[in-house]
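*Asks:* Okay, so here is work.cif, and as you'll see once you scroll down, it has mmCIF, C-alpha atoms.
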data_start
#
loop_
_atom_site.label_atom_id
_atom_site.label_comp_id
_atom_site.auth_asym_id
_atom_site.auth_seq_id
_atom_site.Cartn_x
_atom_site.Cartn_y
_atom_site.Cartn_z
CA MET A 1 -21.20 9.62 -33.10
CA ARG A 2 -20.48 12.17 -30.38
CA LEU A 3 -22.04 12.74 -26.98
CA GLU A 4 -23.30 16.23 -27.86
CA GLN A 5 -25.23 14.73 -30.77
CA LEU A 6 -27.07 12.39 -28.42
CA GLN A 7 -27.69 15.26 -26.01
CA ALA A 8 -29.16 17.32 -28.86
CA PHE A 9 -31.31 14.35 -29.87
CA LEU A 10 -32.70 14.02 -26.33
CA ALA A 11 -33.34 17.75 -26.03
CA ILE A 12 -35.40 17.73 -29.25
CA ALA A 13 -37.26 14.53 -28.27
CA GLU A 14 -38.21 16.01 -24.88
CA SER A 15 -39.16 19.49 -26.10
CA GLY A 16 -40.59 18.57 -29.52
CA SER A 17 -38.84 21.58 -31.06
CA PHE A 18 -35.44 22.25 -32.61
CA GLN A 19 -35.66 25.85 -31.46
CA GLN A 20 -36.40 25.01 -27.81
CA ALA A 21 -33.72 22.30 -27.84
CA ALA A 22 -31.16 24.87 -29.06
CA ARG A 23 -32.02 27.20 -26.17
CA LYS A 24 -31.77 24.32 -23.69
CA CYS A 25 -28.36 23.26 -25.02
CA GLY A 26 -27.07 26.83 -25.27
CA VAL A 27 -26.32 26.69 -28.99
CA THR A 28 -27.89 28.03 -32.18
CA GLN A 29 -30.71 26.25 -33.96
CA SER A 30 -28.45 25.68 -36.98
CA THR A 31 -25.92 23.93 -34.72
CA ILE A 32 -28.64 21.62 -33.39
CA SER A 33 -29.74 20.85 -36.94
CA ARG A 34 -26.19 20.01 -38.02
CA GLN A 35 -25.72 17.72 -35.02
CA ILE A 36 -28.90 15.79 -35.81
CA GLN A 37 -28.01 15.56 -39.50
CA ALA A 38 -24.57 14.17 -38.59
CA LEU A 39 -26.13 11.66 -36.16
CA GLU A 40 -28.65 10.52 -38.81
CA ALA A 41 -25.83 10.17 -41.32
CA ASP A 42 -23.83 7.98 -38.90
CA LEU A 43 -26.86 5.77 -38.15
CA GLU A 44 -28.13 5.89 -41.73
CA VAL A 45 -31.71 6.47 -40.54
CA GLN A 46 -34.03 9.46 -40.12
CA LEU A 47 -34.75 10.20 -36.45
CA PHE A 48 -37.41 12.95 -36.70
CA HIS A 49 -40.34 13.77 -38.94
CA ARG A 50 -39.67 17.35 -40.08
CA THR A 51 -43.13 18.82 -39.36
CA ALA A 52 -44.33 21.78 -37.32
CA GLN A 53 -43.46 19.71 -34.26
CA ALA A 54 -40.41 17.48 -34.29
CA LYS A 55 -41.79 13.99 -33.88
CA LEU A 56 -39.72 10.84 -33.48
CA THR A 57 -39.66 8.31 -36.29
CA LEU A 58 -39.73 4.60 -35.48
CA ALA A 59 -35.93 4.57 -35.53
CA GLY A 60 -35.90 7.59 -33.22
CA GLU A 61 -38.19 5.83 -30.76
CA ARG A 62 -35.82 2.83 -30.68
CA LEU A 63 -32.83 5.10 -30.06
CA LEU A 64 -34.49 7.18 -27.32
CA PRO A 65 -34.15 4.83 -24.28
CA ARG A 66 -30.58 3.91 -25.18
CA ALA A 67 -29.59 7.52 -25.73
CA ARG A 68 -31.02 8.34 -22.31
CA LYS A 69 -29.00 5.51 -20.75
CA ILE A 70 -25.77 6.56 -22.46
CA CYS A 71 -26.13 10.18 -21.36
CA GLN A 72 -27.11 9.14 -17.85
CA GLU A 73 -24.02 6.91 -17.56
CA TRP A 74 -21.89 9.81 -18.77
CA ARG A 75 -23.34 12.04 -16.04
CA TYR A 76 -22.64 9.37 -13.44
CA VAL A 77 -19.02 8.90 -14.47
CA THR A 78 -18.28 12.62 -14.62
CA GLU A 79 -19.74 13.04 -11.13
CA GLU A 80 -17.71 10.10 -9.82
CA LEU A 81 -14.49 11.46 -11.30
CA ALA A 82 -15.20 14.92 -9.91
CA ASP A 83 -15.77 13.37 -6.46
CA LEU A 84 -12.56 11.37 -6.81
CA MET A 85 -10.48 14.44 -7.57
CA ALA A 86 -12.21 16.25 -4.70
CA GLY A 87 -11.15 13.54 -2.25
CA LYS A 88 -14.55 11.85 -1.96
CA GLN A 89 -13.40 8.34 -2.81
CA PRO A 90 -15.18 5.56 -0.85
CA GLU A 91 -12.04 3.75 0.34
CA LEU A 92 -8.25 3.77 0.47
CA CYS A 93 -6.41 0.45 0.37
CA VAL A 94 -2.88 0.01 1.71
CA ALA A 95 -0.58 -3.02 1.66
CA ALA A 96 2.32 -2.95 4.11
CA ILE A 97 4.93 -5.29 5.54
CA HIS A 98 4.11 -6.84 8.91
CA SER A 99 6.54 -4.89 11.08
CA LEU A 100 5.06 -1.55 9.98
CA CYS A 101 1.49 -2.70 10.59
CA ALA A 102 2.38 -3.73 14.12
CA HIS A 103 4.32 -0.68 15.32
CA TYR A 104 4.81 2.21 12.90
CA LEU A 105 1.48 2.61 11.08
CA PRO A 106 -1.11 2.94 13.90
CA PRO A 107 -0.46 6.68 14.53
CA VAL A 108 -0.75 7.30 10.78
CA LEU A 109 -4.00 5.33 10.53
CA GLN A 110 -5.61 7.09 13.48
CA LYS A 111 -4.74 10.54 12.17
CA PHE A 112 -5.98 9.69 8.68
CA CYS A 113 -9.28 8.33 9.98
CA HIS A 114 -9.76 11.47 12.04
CA ASN A 115 -9.28 13.79 9.04
CA TYR A 116 -10.99 11.60 6.43
CA PRO A 117 -13.85 9.94 8.38
CA ASP A 118 -15.85 9.23 5.19
CA VAL A 119 -13.05 7.23 3.54
CA GLN A 120 -12.97 3.54 4.50
CA LEU A 121 -9.33 2.72 5.23
CA ARG A 122 -8.31 -0.88 4.50
CA VAL A 123 -4.86 -2.12 5.56
CA THR A 124 -3.47 -5.54 4.68
CA ALA A 125 -0.17 -6.99 5.94
CA LEU A 126 1.65 -8.67 3.03
CA GLY A 127 5.15 -9.62 1.98
CA SER A 128 6.95 -7.05 -0.16
CA ASP A 129 6.71 -8.90 -3.49
CA ARG A 130 3.03 -9.66 -3.03
CA ALA A 131 2.28 -6.08 -1.92
CA LEU A 132 3.91 -4.66 -5.05
CA LYS A 133 2.00 -7.09 -7.26
CA VAL A 134 -1.41 -6.10 -5.88
CA LEU A 135 -0.39 -2.44 -6.24
CA LYS A 136 0.45 -2.91 -9.92
CA ASP A 137 -2.78 -4.89 -10.39
CA GLY A 138 -4.75 -1.93 -9.01
CA LEU A 139 -6.03 -3.80 -5.94
CA VAL A 140 -4.43 -1.34 -3.50
CA ASP A 141 -3.62 2.35 -3.72
CA LEU A 142 -0.29 2.36 -1.92
CA ALA A 143 2.33 -0.12 -0.70
CA ILE A 144 5.00 0.15 2.01
CA VAL A 145 7.60 -2.50 1.40
CA MET A 146 11.23 -3.52 1.49
CA ASN A 147 12.88 -1.92 -1.51
CA ASN A 148 13.44 -4.06 -4.57
CA ARG A 149 14.65 -1.87 -7.42
CA PHE A 150 13.59 -4.51 -9.97
CA LEU A 151 9.96 -4.14 -8.85
CA THR A 152 9.75 -0.49 -7.75
CA THR A 153 11.56 1.16 -10.67
CA SER A 154 9.12 1.88 -13.49
CA PRO A 155 8.00 5.13 -15.16
CA GLU A 156 4.52 5.17 -13.66
CA MET A 157 5.63 4.45 -10.08
CA VAL A 158 6.63 6.98 -7.42
CA THR A 159 8.96 5.68 -4.71
CA GLU A 160 9.82 7.39 -1.42
CA VAL A 161 12.62 6.04 0.77
CA LEU A 162 11.44 5.96 4.40
CA TYR A 163 14.34 4.49 6.35
CA ASP A 164 17.13 1.94 6.48
CA GLU A 165 17.35 -0.48 9.38
CA PRO A 166 19.81 -3.16 10.47
CA ILE A 167 19.06 -6.86 10.40
CA GLU A 168 19.53 -8.56 13.78
CA VAL A 169 19.43 -12.09 15.15
CA LEU A 170 16.53 -13.51 17.16
CA VAL A 171 17.36 -16.52 19.35
CA GLY A 172 16.01 -18.26 22.41
CA ALA A 173 17.39 -16.94 25.70
CA ASN A 174 19.26 -20.23 26.26
CA HIS A 175 20.59 -20.58 22.73
CA PRO A 176 24.43 -20.78 22.41
CA LEU A 177 24.42 -17.58 20.30
CA ALA A 178 22.78 -15.63 23.14
CA GLN A 179 26.16 -15.52 24.91
CA TYR A 180 27.52 -13.13 22.27
CA GLU A 181 27.09 -9.38 22.54
CA GLN A 182 27.50 -9.30 18.74
CA ILE A 183 27.21 -12.50 16.73
CA PRO A 184 29.98 -13.23 14.19
CA TRP A 185 28.85 -14.41 10.75
CA LEU A 186 31.07 -17.48 11.03
CA GLU A 187 29.04 -18.56 14.08
CA LEU A 188 25.70 -17.47 12.66
CA ILE A 189 25.87 -19.61 9.53
CA ARG A 190 26.30 -22.80 11.59
CA TYR A 191 22.72 -22.84 12.88
CA PRO A 192 19.39 -23.78 11.24
CA GLN A 193 16.97 -20.93 10.65
CA VAL A 194 13.30 -20.10 10.50
CA VAL A 195 12.68 -17.77 7.55
CA PHE A 196 9.88 -15.88 5.84
CA LYS A 197 7.93 -17.64 3.13
CA ASP A 198 8.70 -17.14 -0.54
CA GLY A 199 7.49 -13.73 -1.75
CA TYR A 200 8.86 -11.87 1.26
CA GLY A 201 11.78 -9.55 0.65
CA MET A 202 13.54 -10.65 3.84
CA GLN A 203 13.84 -14.22 2.60
CA ARG A 204 15.54 -13.02 -0.56
CA LEU A 205 17.82 -10.64 1.35
CA VAL A 206 19.04 -13.36 3.73
CA GLN A 207 19.51 -15.90 0.94
CA GLU A 208 21.54 -13.42 -1.13
CA ARG A 209 23.83 -12.72 1.83
CA PHE A 210 24.47 -16.42 2.45
CA ASP A 211 25.21 -16.87 -1.25
CA ARG A 212 27.78 -14.06 -1.10
CA LEU A 213 29.40 -15.74 1.90
CA GLY A 214 29.52 -19.04 0.04
CA ALA A 215 27.52 -20.58 2.89
CA THR A 216 24.42 -22.78 2.89
CA LEU A 217 21.32 -21.27 4.43
CA GLN A 218 19.78 -24.01 6.58
CA ALA A 219 16.18 -22.85 6.16
CA VAL A 220 14.30 -25.64 7.91
CA LEU A 221 11.02 -23.79 8.54
CA GLU A 222 9.03 -21.05 6.75
CA VAL A 223 6.48 -18.81 8.53
CA ASN A 224 4.87 -15.47 7.75
CA THR A 225 3.96 -13.80 11.07
CA LEU A 226 6.11 -12.21 13.75
CA ASP A 227 4.26 -14.19 16.42
CA ALA A 228 5.33 -17.39 14.68
CA PHE A 229 8.97 -16.28 14.59
CA ARG A 230 8.92 -15.57 18.32
CA GLY A 231 7.20 -18.85 19.11
CA VAL A 232 9.67 -20.92 17.11
CA ALA A 233 12.76 -19.12 18.45
CA ARG A 234 11.44 -19.53 21.98
CA GLN A 235 11.77 -23.31 21.58
CA GLY A 236 15.53 -22.80 21.65
CA GLU A 237 16.87 -24.50 18.49
CA LEU A 238 16.14 -22.32 15.46
CA ILE A 239 17.33 -18.75 14.93
CA ALA A 240 15.97 -15.97 12.70
CA LEU A 241 17.40 -12.94 10.94
CA LEU A 242 14.86 -10.13 11.19
CA PRO A 243 14.79 -6.34 10.76
CA GLN A 244 15.06 -4.22 13.88
CA SER A 245 11.45 -2.97 13.68
CA ALA A 246 10.19 -6.57 13.73
CA LEU A 247 11.95 -7.25 17.04
CA VAL A 248 10.31 -4.65 19.29
CA GLU A 249 8.23 -7.14 21.25
CA SER A 250 11.00 -9.74 21.26
CA ARG A 251 13.25 -7.40 23.25
CA LEU A 252 10.70 -7.35 26.05
CA ASP A 253 10.39 -11.15 26.23
CA PRO A 254 12.74 -12.74 28.82
CA THR A 255 12.58 -16.07 26.97
CA LEU A 256 14.13 -14.49 23.87
CA ALA A 257 17.35 -12.67 23.04
CA VAL A 258 18.08 -10.18 20.26
CA ARG A 259 21.66 -9.68 19.14
CA PRO A 260 23.27 -7.49 16.47
CA ILE A 261 25.53 -9.03 13.84
CA ALA A 262 29.23 -8.32 14.42
CA ASN A 263 30.84 -5.98 11.90
CA THR A 264 34.34 -7.25 12.65
CA ASP A 265 35.93 -10.67 13.00
CA SER A 266 38.03 -11.98 15.89
CA ASN A 267 41.08 -10.10 14.57
CA GLY A 268 39.26 -6.77 14.48
CA SER A 269 39.07 -6.74 10.68
CA LEU A 270 35.88 -6.00 8.79
CA ALA A 271 33.86 -9.20 8.79
CA PRO A 272 32.74 -10.76 5.51
CA GLY A 273 29.09 -9.95 4.85
CA SER A 274 28.91 -7.30 7.59
CA SER A 275 26.40 -4.45 7.78
CA LEU A 276 23.31 -6.35 6.64
CA SER A 277 20.33 -4.00 6.45
CA ARG A 278 17.14 -3.40 4.52
CA GLN A 279 15.62 -0.27 3.04
CA VAL A 280 11.91 0.41 3.47
CA VAL A 281 10.11 2.44 0.81
CA MET A 282 6.62 3.69 0.07
CA VAL A 283 5.31 3.18 -3.47
CA THR A 284 2.29 4.33 -5.44
CA SER A 285 1.50 5.36 -9.01
CA GLN A 286 1.82 8.96 -10.16
CA ASP A 287 -1.89 9.27 -10.99
CA ARG A 288 -2.93 8.04 -7.53
CA LEU A 289 -0.68 10.57 -5.86
CA ASN A 290 -2.90 13.32 -7.31
CA ILE A 291 -5.92 12.06 -5.33
CA PRO A 292 -6.28 14.10 -2.08
CA PRO A 293 -6.78 11.22 0.43
CA ILE A 294 -3.89 9.23 -1.04
CA GLN A 295 -1.72 12.32 -1.13
CA TYR A 296 -2.56 13.05 2.52
CA PHE A 297 -1.80 9.48 3.60
CA TRP A 298 1.52 9.68 1.73
CA GLN A 299 2.42 12.90 3.58
CA LEU A 300 1.48 11.38 6.94
CA VAL A 301 3.74 8.39 6.38
CA ARG A 302 6.60 10.68 5.36
CA GLU A 303 6.16 12.67 8.56
CA LEU A 304 5.52 9.85 11.06
CA VAL A 305 7.37 6.75 9.77
CA PRO A 306 9.66 5.86 11.31
CA PRO A 307 8.57 7.51 14.57
CA LYS A 308 10.96 10.10 15.99
CA LEU A 309 12.84 8.35 18.82
CA SER A 310 14.03 9.93 22.03
CA VAL A 311 17.70 9.72 23.04
CA GLU A 312 16.85 6.93 25.50
CA GLU A 313 15.05 4.91 22.84
CA GLU A 314 17.91 5.32 20.37
CA THR A 315 20.37 4.11 23.00
CA TRP A 316 18.13 1.14 23.78
CA GLY A 317 17.84 0.29 20.09
CA ASN A 318 21.63 -0.05 19.84
CA GLU A 319 22.10 -2.15 22.96
CA GLY A 320 21.04 -5.40 21.34
CA ASP A 321 19.01 -7.33 23.91
CA LYS A 322 17.49 -5.12 26.55
CA GLY A 323 15.95 -8.09 28.37
CA ASP A 324 15.13 -7.31 31.99
CA LYS A 325 17.32 -4.17 32.04
CA GLY A 326 14.45 -1.97 30.89
CA ASP A 327 12.35 -0.25 33.52
CA LYS A 328 8.69 -0.85 34.12
CA GLY A 329 7.68 2.40 32.44
CA ASP A 330 9.31 1.33 29.15
CA LYS A 331 7.45 -1.98 29.19
CA GLU A 332 4.12 -0.36 29.97
CA ALA A 333 4.60 2.21 27.22
CA GLU A 334 5.49 -0.50 24.73
CA GLY A 335 2.49 -2.55 25.79
CA GLN A 336 0.20 0.42 25.20
CA ARG A 337 1.66 0.98 21.73
CA GLY A 338 1.18 -2.70 20.93
CA ARG A 339 -2.46 -2.64 22.08
CA ALA A 340 -3.14 0.49 20.06
CA ALA A 341 -1.57 -1.12 17.00
CA GLU A 342 -3.72 -4.22 17.39
CA GLN A 343 -6.92 -2.18 17.74
CA VAL A 344 -6.24 -0.06 14.69
CA ILE A 345 -5.15 -2.89 12.43
CA LEU A 346 -8.14 -5.02 13.40
CA ALA A 347 -10.45 -2.10 12.74
CA THR A 348 -9.05 -1.41 9.28
CA SER A 349 -7.83 -4.74 7.89
CA HIS A 350 -9.96 -6.99 5.73
#
What would you get if you wrote out this structure as structure tokens?
*Replies:*
Amino acid sequence: MRLEQLQAFLAIAESGSFQQAARKCGVTQSTISRQIQALEADLEVQLFHRTAQAKLTLAGERLLPRARKICQEWRYVTEELADLMAGKQPELCVAAIHSLCAHYLPPVLQKFCHNYPDVQLRVTALGSDRALKVLKDGLVDLAIVMNNRFLTTSPEMVTEVLYDEPIEVLVGANHPLAQYEQIPWLELIRYPQVVFKDGYGMQRLVQERFDRLGATLQAVLEVNTLDAFRGVARQGELIALLPQSALVESRLDPTLAVRPIANTDSNGSLAPGSSLSRQVVMVTSQDRLNIPPIQYFWQLVRELVPPKLSVEEETWGNEGDKGDKGDKGDKEAEGQRGRAAEQVILATSH
């Protein structure tokens, strides 16, 4: 059974004539006749009384409402697919790691919403492993995560490297490690840590580094929000290893200190386990990348993430803990970016 056979059947049923049905379908009358004969052969019933006017048999009357429904559903799906390829999809769902949602994504989200006002944008902050799982399950259209080649390398996936960033140490302002300008690994491994929950790429990255050092990671507390990391570190006992983009607000908090990890030991030699960093990538499937709104969002992220920093900001990013050395203008600007991030994420997350 083919769709054109059902369409021919409906055209005859509605017009009462093989000849009129042929004109309506844009084919010859012999073609219409062959289609109906093939349909009757498949169903093993006669659908029309062959009289001066084509009249439905009992079997034809039973088929009529279902044939109408099948053809109607086909029209609906073809219209939906045409709208999809024209960029008229109802929503776009994105899963991203927390640090991007807080600071890097808001300009992207605002620009997308401006240019695609009819597409509902939904953004969810998730750990990398969880974000990739919901992407592969089809629950989101795009994921921005910490790279894990075991999860991002597959034939149907498209991966774009966005940036690499160093991992730094978050401590309370009065913590013993705050006295260092750069914290040696041999000192770092002595202290208990607060870490991300299982399923977050950062937890795996830190654990792998401690394993390479032959050290025991004293993970005494697991959390999953940047606010929680700051709150715990502020108490003064636990430390945290976090990516640079997750420490923007911490640098402005006088009760906290952010320090880079030393690349050399006390003798000036390259330290074991130095240069810890993570790579952030954007991932989607090849078929999704052909959809205009998803393609546009992808291009926006490529252009705007990470944001282009000024010389002053780059210098500040390498200074470790800015603390109270920053001027009032820097703090006000950062506060405005944070408020904008909060407004956009709240407006688009579900």
*Asks:* Got a sec: who's within 7 Å of region 278-293 of chain A, counting only C-alpha atoms, leaving out chain neighbours fewer than 5 positions off, as a VMD selection string?
*Replies:* chain A and resid 84 to 87 141 to 147 156 to 166
*Asks:* Selection in question (the file shown): the PyMOL selection byres ((chain A and resi 229) around 12). Which residues does it include, as a count of residues only?
*Replies:* 34
*Asks:* Quick one: residues within 9 Å of region 209-215 of chain A, all atoms listed in the file, excluding same-chain residues fewer than 2 positions away - as a list in words?
*Replies:*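 My list of contacting residues is Trp185, Ile189, Arg204, Leu205, Val206, Gln207, Leu217, Pro272, Gly273 and Leu276 of chain A.
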*Asks:* Quick one: distance from CA of Thr216 (chain A) to CA of Pro243 (chain A) in Å, one decimal?
*Replies:* 20.6 Å
*Asks:* Report, in Å to a single decimal, how far apart CA of Gly16 (chain A) and CA of Gln53 (chain A) are.
*Replies:*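 Interatomic distance here is 5.7 Å.
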*Asks:* To one decimal place in Å, what is the distance between CA of Glu237 (chain A) and CA of Ala102 (chain A)?
*Replies:*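 Separation of CA of Glu237 (chain A) and CA of Ala102 (chain A): 25.7 Å.
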*Asks:* Would you kindly translate the PyMOL selection byres ((chain A and resi 134) around 12) into the concrete residues it picks from this file, as a PDB file with C-alpha atoms, in the coordinates of the input?
*Replies:*
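Result file result08.pdb:
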ATOM      1  CA  CYS A  93      -6.410   0.450   0.370  1.00  0.00           C
ATOM      2  CA  VAL A  94      -2.880   0.010   1.710  1.00  0.00           C
ATOM      3  CA  ALA A  95      -0.580  -3.020   1.660  1.00  0.00           C
ATOM      4  CA  ALA A  96       2.320  -2.950   4.110  1.00  0.00           C
ATOM      5  CA  THR A 124      -3.470  -5.540   4.680  1.00  0.00           C
ATOM      6  CA  ALA A 125      -0.170  -6.990   5.940  1.00  0.00           C
ATOM      7  CA  LEU A 126       1.650  -8.670   3.030  1.00  0.00           C
ATOM      8  CA  GLY A 127       5.150  -9.620   1.980  1.00  0.00           C
ATOM      9  CA  SER A 128       6.950  -7.050  -0.160  1.00  0.00           C
ATOM     10  CA  ASP A 129       6.710  -8.900  -3.490  1.00  0.00           C
ATOM     11  CA  ARG A 130       3.030  -9.660  -3.030  1.00  0.00           C
ATOM     12  CA  ALA A 131       2.280  -6.080  -1.920  1.00  0.00           C
ATOM     13  CA  LEU A 132       3.910  -4.660  -5.050  1.00  0.00           C
ATOM     14  CA  LYS A 133       2.000  -7.090  -7.260  1.00  0.00           C
ATOM     15  CA  LEU A 135      -0.390  -2.440  -6.240  1.00  0.00           C
ATOM     16  CA  LYS A 136       0.450  -2.910  -9.920  1.00  0.00           C
ATOM     17  CA  ASP A 137      -2.780  -4.890 -10.390  1.00  0.00           C
ATOM     18  CA  GLY A 138      -4.750  -1.930  -9.010  1.00  0.00           C
ATOM     19  CA  LEU A 139      -6.030  -3.800  -5.940  1.00  0.00           C
ATOM     20  CA  VAL A 140      -4.430  -1.340  -3.500  1.00  0.00           C
ATOM     21  CA  ASP A 141      -3.620   2.350  -3.720  1.00  0.00           C
ATOM     22  CA  LEU A 142      -0.290   2.360  -1.920  1.00  0.00           C
ATOM     23  CA  ALA A 143       2.330  -0.120  -0.700  1.00  0.00           C
ATOM     24  CA  ILE A 144       5.000   0.150   2.010  1.00  0.00           C
ATOM     25  CA  LEU A 151       9.960  -4.140  -8.850  1.00  0.00           C
ATOM     26  CA  VAL A 283       5.310   3.180  -3.470  1.00  0.00           C
ATOM     27  CA  THR A 284       2.290   4.330  -5.440  1.00  0.00           C
TER      28      THR A 284
END
*Asks:* Report as an MDAnalysis selection string the residues that result from applying the PyMOL selection byres ((chain A and resi 49) around 12) to the structure here.
*Replies:* chainID A and resid 12:13 16:18 45:48 50:61
*Asks:* Nearest to Leu63 (chain A) among A:Val77, A:Phe9, A:Pro90, A:Ala22, with distances taken over only C-alpha atoms: which residue is it?
*Replies:* A:Phe9
*Asks:* Just so I have it separately, write region 104-162 of chain A from the block I sent, keeping C-alpha atoms, as a PDB file, in the first residue's frame.
*Replies:*
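So the final result, stored in result01.pdb, reads:
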ATOM      1  CA  TYR A 104      29.565  33.416  29.266  1.00  0.00           C
ATOM      2  CA  LEU A 105      26.142  32.487  27.860  1.00  0.00           C
ATOM      3  CA  PRO A 106      23.920  35.514  28.700  1.00  0.00           C
ATOM      4  CA  PRO A 107      25.091  37.634  25.709  1.00  0.00           C
ATOM      5  CA  VAL A 108      24.494  34.640  23.428  1.00  0.00           C
ATOM      6  CA  LEU A 109      21.017  34.039  24.850  1.00  0.00           C
ATOM      7  CA  GLN A 110      19.957  37.660  24.532  1.00  0.00           C
ATOM      8  CA  LYS A 111      21.113  37.913  20.930  1.00  0.00           C
ATOM      9  CA  PHE A 112      19.417  34.637  20.006  1.00  0.00           C
ATOM     10  CA  CYS A 113      16.120  35.673  21.603  1.00  0.00           C
ATOM     11  CA  HIS A 114      16.258  38.967  19.727  1.00  0.00           C
ATOM     12  CA  ASN A 115      16.711  37.274  16.333  1.00  0.00           C
ATOM     13  CA  TYR A 116      14.467  34.251  16.972  1.00  0.00           C
ATOM     14  CA  PRO A 117      11.645  35.663  19.145  1.00  0.00           C
ATOM     15  CA  ASP A 118       9.249  32.834  18.193  1.00  0.00           C
ATOM     16  CA  VAL A 119      11.593  30.065  19.390  1.00  0.00           C
ATOM     17  CA  GLN A 120      11.310  29.260  23.103  1.00  0.00           C
ATOM     18  CA  LEU A 121      14.873  28.995  24.403  1.00  0.00           C
ATOM     19  CA  ARG A 122      15.357  26.602  27.327  1.00  0.00           C
ATOM     20  CA  VAL A 123      18.710  26.462  29.126  1.00  0.00           C
ATOM     21  CA  THR A 124      19.562  23.959  31.848  1.00  0.00           C
ATOM     22  CA  ALA A 125      22.769  23.926  33.927  1.00  0.00           C
ATOM     23  CA  LEU A 126      24.054  20.345  34.198  1.00  0.00           C
ATOM     24  CA  GLY A 127      27.274  18.464  34.784  1.00  0.00           C
ATOM     25  CA  SER A 128      29.146  17.444  31.644  1.00  0.00           C
ATOM     26  CA  ASP A 129      28.333  13.724  31.743  1.00  0.00           C
ATOM     27  CA  ARG A 130      24.648  14.342  32.392  1.00  0.00           C
ATOM     28  CA  ALA A 131      24.471  17.023  29.674  1.00  0.00           C
ATOM     29  CA  LEU A 132      25.930  14.644  27.091  1.00  0.00           C
ATOM     30  CA  LYS A 133      23.512  11.900  28.109  1.00  0.00           C
ATOM     31  CA  VAL A 134      20.419  14.073  27.651  1.00  0.00           C
ATOM     32  CA  LEU A 135      21.843  15.225  24.307  1.00  0.00           C
ATOM     33  CA  LYS A 136      22.230  11.642  23.096  1.00  0.00           C
ATOM     34  CA  ASP A 137      18.741  10.832  24.431  1.00  0.00           C
ATOM     35  CA  GLY A 138      17.314  13.665  22.309  1.00  0.00           C
ATOM     36  CA  LEU A 139      16.136  15.736  25.283  1.00  0.00           C
ATOM     37  CA  VAL A 140      18.277  18.744  24.328  1.00  0.00           C
ATOM     38  CA  ASP A 141      19.522  20.065  20.999  1.00  0.00           C
ATOM     39  CA  LEU A 142      22.998  21.164  22.025  1.00  0.00           C
ATOM     40  CA  ALA A 143      25.402  20.739  24.956  1.00  0.00           C
ATOM     41  CA  ILE A 144      28.348  22.861  26.121  1.00  0.00           C
ATOM     42  CA  VAL A 145      30.522  20.745  28.364  1.00  0.00           C
ATOM     43  CA  MET A 146      33.981  19.822  29.540  1.00  0.00           C
ATOM     44  CA  ASN A 147      35.497  17.638  26.851  1.00  0.00           C
ATOM     45  CA  ASN A 148      35.457  13.902  27.390  1.00  0.00           C
ATOM     46  CA  ARG A 149      36.626  12.173  24.221  1.00  0.00           C
ATOM     47  CA  PHE A 150      34.982   8.916  25.329  1.00  0.00           C
ATOM     48  CA  LEU A 151      31.563  10.612  25.276  1.00  0.00           C
ATOM     49  CA  THR A 152      31.931  13.233  22.532  1.00  0.00           C
ATOM     50  CA  THR A 153      33.616  11.122  19.846  1.00  0.00           C
ATOM     51  CA  SER A 154      31.003   9.317  17.767  1.00  0.00           C
ATOM     52  CA  PRO A 155      30.135   9.451  14.045  1.00  0.00           C
ATOM     53  CA  GLU A 156      26.857  11.322  14.478  1.00  0.00           C
ATOM     54  CA  MET A 157      28.241  13.991  16.821  1.00  0.00           C
ATOM     55  CA  VAL A 158      29.818  17.316  15.856  1.00  0.00           C
ATOM     56  CA  THR A 159      32.246  18.783  18.402  1.00  0.00           C
ATOM     57  CA  GLU A 160      33.650  22.321  18.443  1.00  0.00           C
ATOM     58  CA  VAL A 161      36.476  23.234  20.816  1.00  0.00           C
ATOM     59  CA  LEU A 162      35.683  26.581  22.472  1.00  0.00           C
TER      60      LEU A 162
END
